[in-house]
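Asks: Quick one: the structure is below, and I'll ask about it shortly.
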Amino acid sequence: MSENKHSSLDRLGLWILGATVLGAVTGLILGKDAQMFAPMGNLFMQLIKMIVVPLVLFSLIGGAASLGRSGSAGKIGLLTFGYYGITTAVAVALGLAASEFFQPGRGIEMAALSDAAIHVDHIEESTQIPGFWETITGFVPTNPFQALVDGNILQIITFALFMGFAATYLEEHKKNYVLNFFNYLTELFIQVMTGIMYVAPIGVFCLMADATGTFGYAVLTKILYLILLYALVLAVVTYGMIGGSVALFSRCTTYKQFFKSMWKVQIFAFSTASSIATLPLNMNTATTELGVSKETTSFALPLGATINMNGNAAYYAMAATFIAQMYGMELALPQYIAIIITSTLGAVGQAGVPGPTLLVVAVLVSAGIPIEALPILFGVDRIFDMLRTAVNITGDAACATIVDRFRESAAPSGKSNDLNTTNH
């Protein structure tokens, strides 16, 4: 990538940061009137969602086909799933520990719920986490084209991985044709995304103005303690666990360089509250600035945008204990175990797009915690969503930098497949 394009991306990051701050200030000044910006913000999100499904499909097929040519494919797959699983479990444990130590739910008046009242009837039935076999079968599409139409990312990933790995068994000239075809399509959609990104400051401003104007101070003050505590936990997860894993195990980047390159991606993720929407920018940063191979990036990041939800898992656990504390409940070991399991499973496959985290209900139900207090969290869910999304995408990139060291290059000895080493 040329220096001009690098500086252009850096300037874009500054514009997005400025738009985030300006949007928040505008929302606080205008209050409910800031909802006038919602249509423009929604249009921006629609532009991004327009290319997400084909980008995930084509990049994963190309990435799996590239990895499948080497003996490292299975190793990278196991390491990727292992990293996401371990870091998610640790994030849940940290969230529980912080909630129990600081007790953010104590002393909150239940009367405050009337200000955030919404209908929660039948939510419990619609957000039950399926059983083991229901979860496994849910990964496999009965009709791949229907999965594409519905935007079922988990099923699209399954289909793409089968396609990619199957392509490695084709004759060499056919395999190369398939690989080039999907890699070219991936580059095409990244170019489309690059064009969309140049209007990102406008979209981010509108999203932030609408969100801040809708929430205001009234609801935020009731759970400010929880928000601050959650931010503290996520800081430990991000700069301690995730950053520490990069420093210890990554060979293509350093702790300092990693966060220096990731800041604009984190800001974009924070403002859009969408791992999926941030995926193209995250993939571009990983390959051009962090030195991760395109093969590993095309495999680990789309997968992580769907199943790696460290921030979500920590939130589910903290929300459950927060509400339990509001009711004066003392949780026992079986309830903690239920919270850990359902928080981890609920985070896997959580759609990488913003929206109310109704899966919290499943966590509450599993631990026998009343759901009546949940609406008070729905009112500020966007705030939590922005925070956890920034952490989720950071974990995705960190995983890619770590597992990339185990990729066996298909290029001849002395000619690295890692084209990115010349781009810094």
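Labels used: A, B, ... for chains in the order of the structure tokens, numbers from 1 for residues in each chain, and numbers from 1 for ligands as shown.
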Give me the residues near segment 331-347 of chain A as a PyMOL selection string, where near means some atom within 8 Å (using only C-alpha atoms) and where sequence neighbours in that chain fewer than 5 positions away do not count.

Replies: chain A and resi 88-89+92-93+129+307-310+312-314+316-317+320+324+359-360+362-364+366-368

Asks: DSSP on the backbone, alpha helix (DSSP H) only: what residues of segment 58-106 of chain A does that give? Format it as a ChimeraX atom specification.

Replies: /A:58-68,73-102

Asks: Which residue is closest to Leu301 of chain A? Choose from A:Leu229, A:Val237, A:Ala397, A:Ile190 and count only C-alpha atoms.

Replies: A:Ala397

Asks: Contacts between segment 17-21 of chain A and segment 223-308 of chain A, please, where a residue of segment 223-308 of chain A counts if it comes within 10 Å (with only C-alpha atoms); show its shortest atom pair and distance in Å to one decimal, rows by chain and ascending number, as CSV.

Replies:
residue,atom,partner,partner_atom,distance
A:Trp263,CA,A:Leu17,CA,9.8
A:Lys264,CA,A:Leu17,CA,7.9
A:Ile267,CA,A:Leu17,CA,6.5
A:Phe268,CA,A:Leu17,CA,8.2
A:Phe270,CA,A:Thr20,CA,9.0
A:Ser271,CA,A:Thr20,CA,6.6
A:Thr272,CA,A:Thr20,CA,9.9

Asks: Mind giving me the straight-line distance from atom CA of Met50 of chain A to atom CA of Tyr315 of chain A in Å, one decimal?

Replies: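 One can read the atom CA of Met50 of chain A to atom CA of Tyr315 of chain A distance as 28.4 Å.
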
Asks: Would you list the contacts of Leu47 of chain A as a PyMOL selection string, taking every protein, DNA or RNA residue within 10 Å and counting only C-alpha atoms, but skipping same-chain residues closer than 3 positions in sequence?

Replies: chain A and resi 42-44+50-52+192-193+196-197+277

Asks: Between A:Ala211, A:Leu148, A:Leu78, A:Ala300, single out the one closest to Val53 of chain A, counting only C-alpha atoms.

Replies: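 Using only C-alpha atoms, Val53 of chain A sits closest to A:Leu148.
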
Asks: Could you check which of A:Ile276, A:Ala24, A:Ile76, A:Ile86 is closest to Gln46 of chain A, using only C-alpha atoms?

Replies: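 Checking each candidate against Gln46 of chain A, we get A:Ile276 as the closest.
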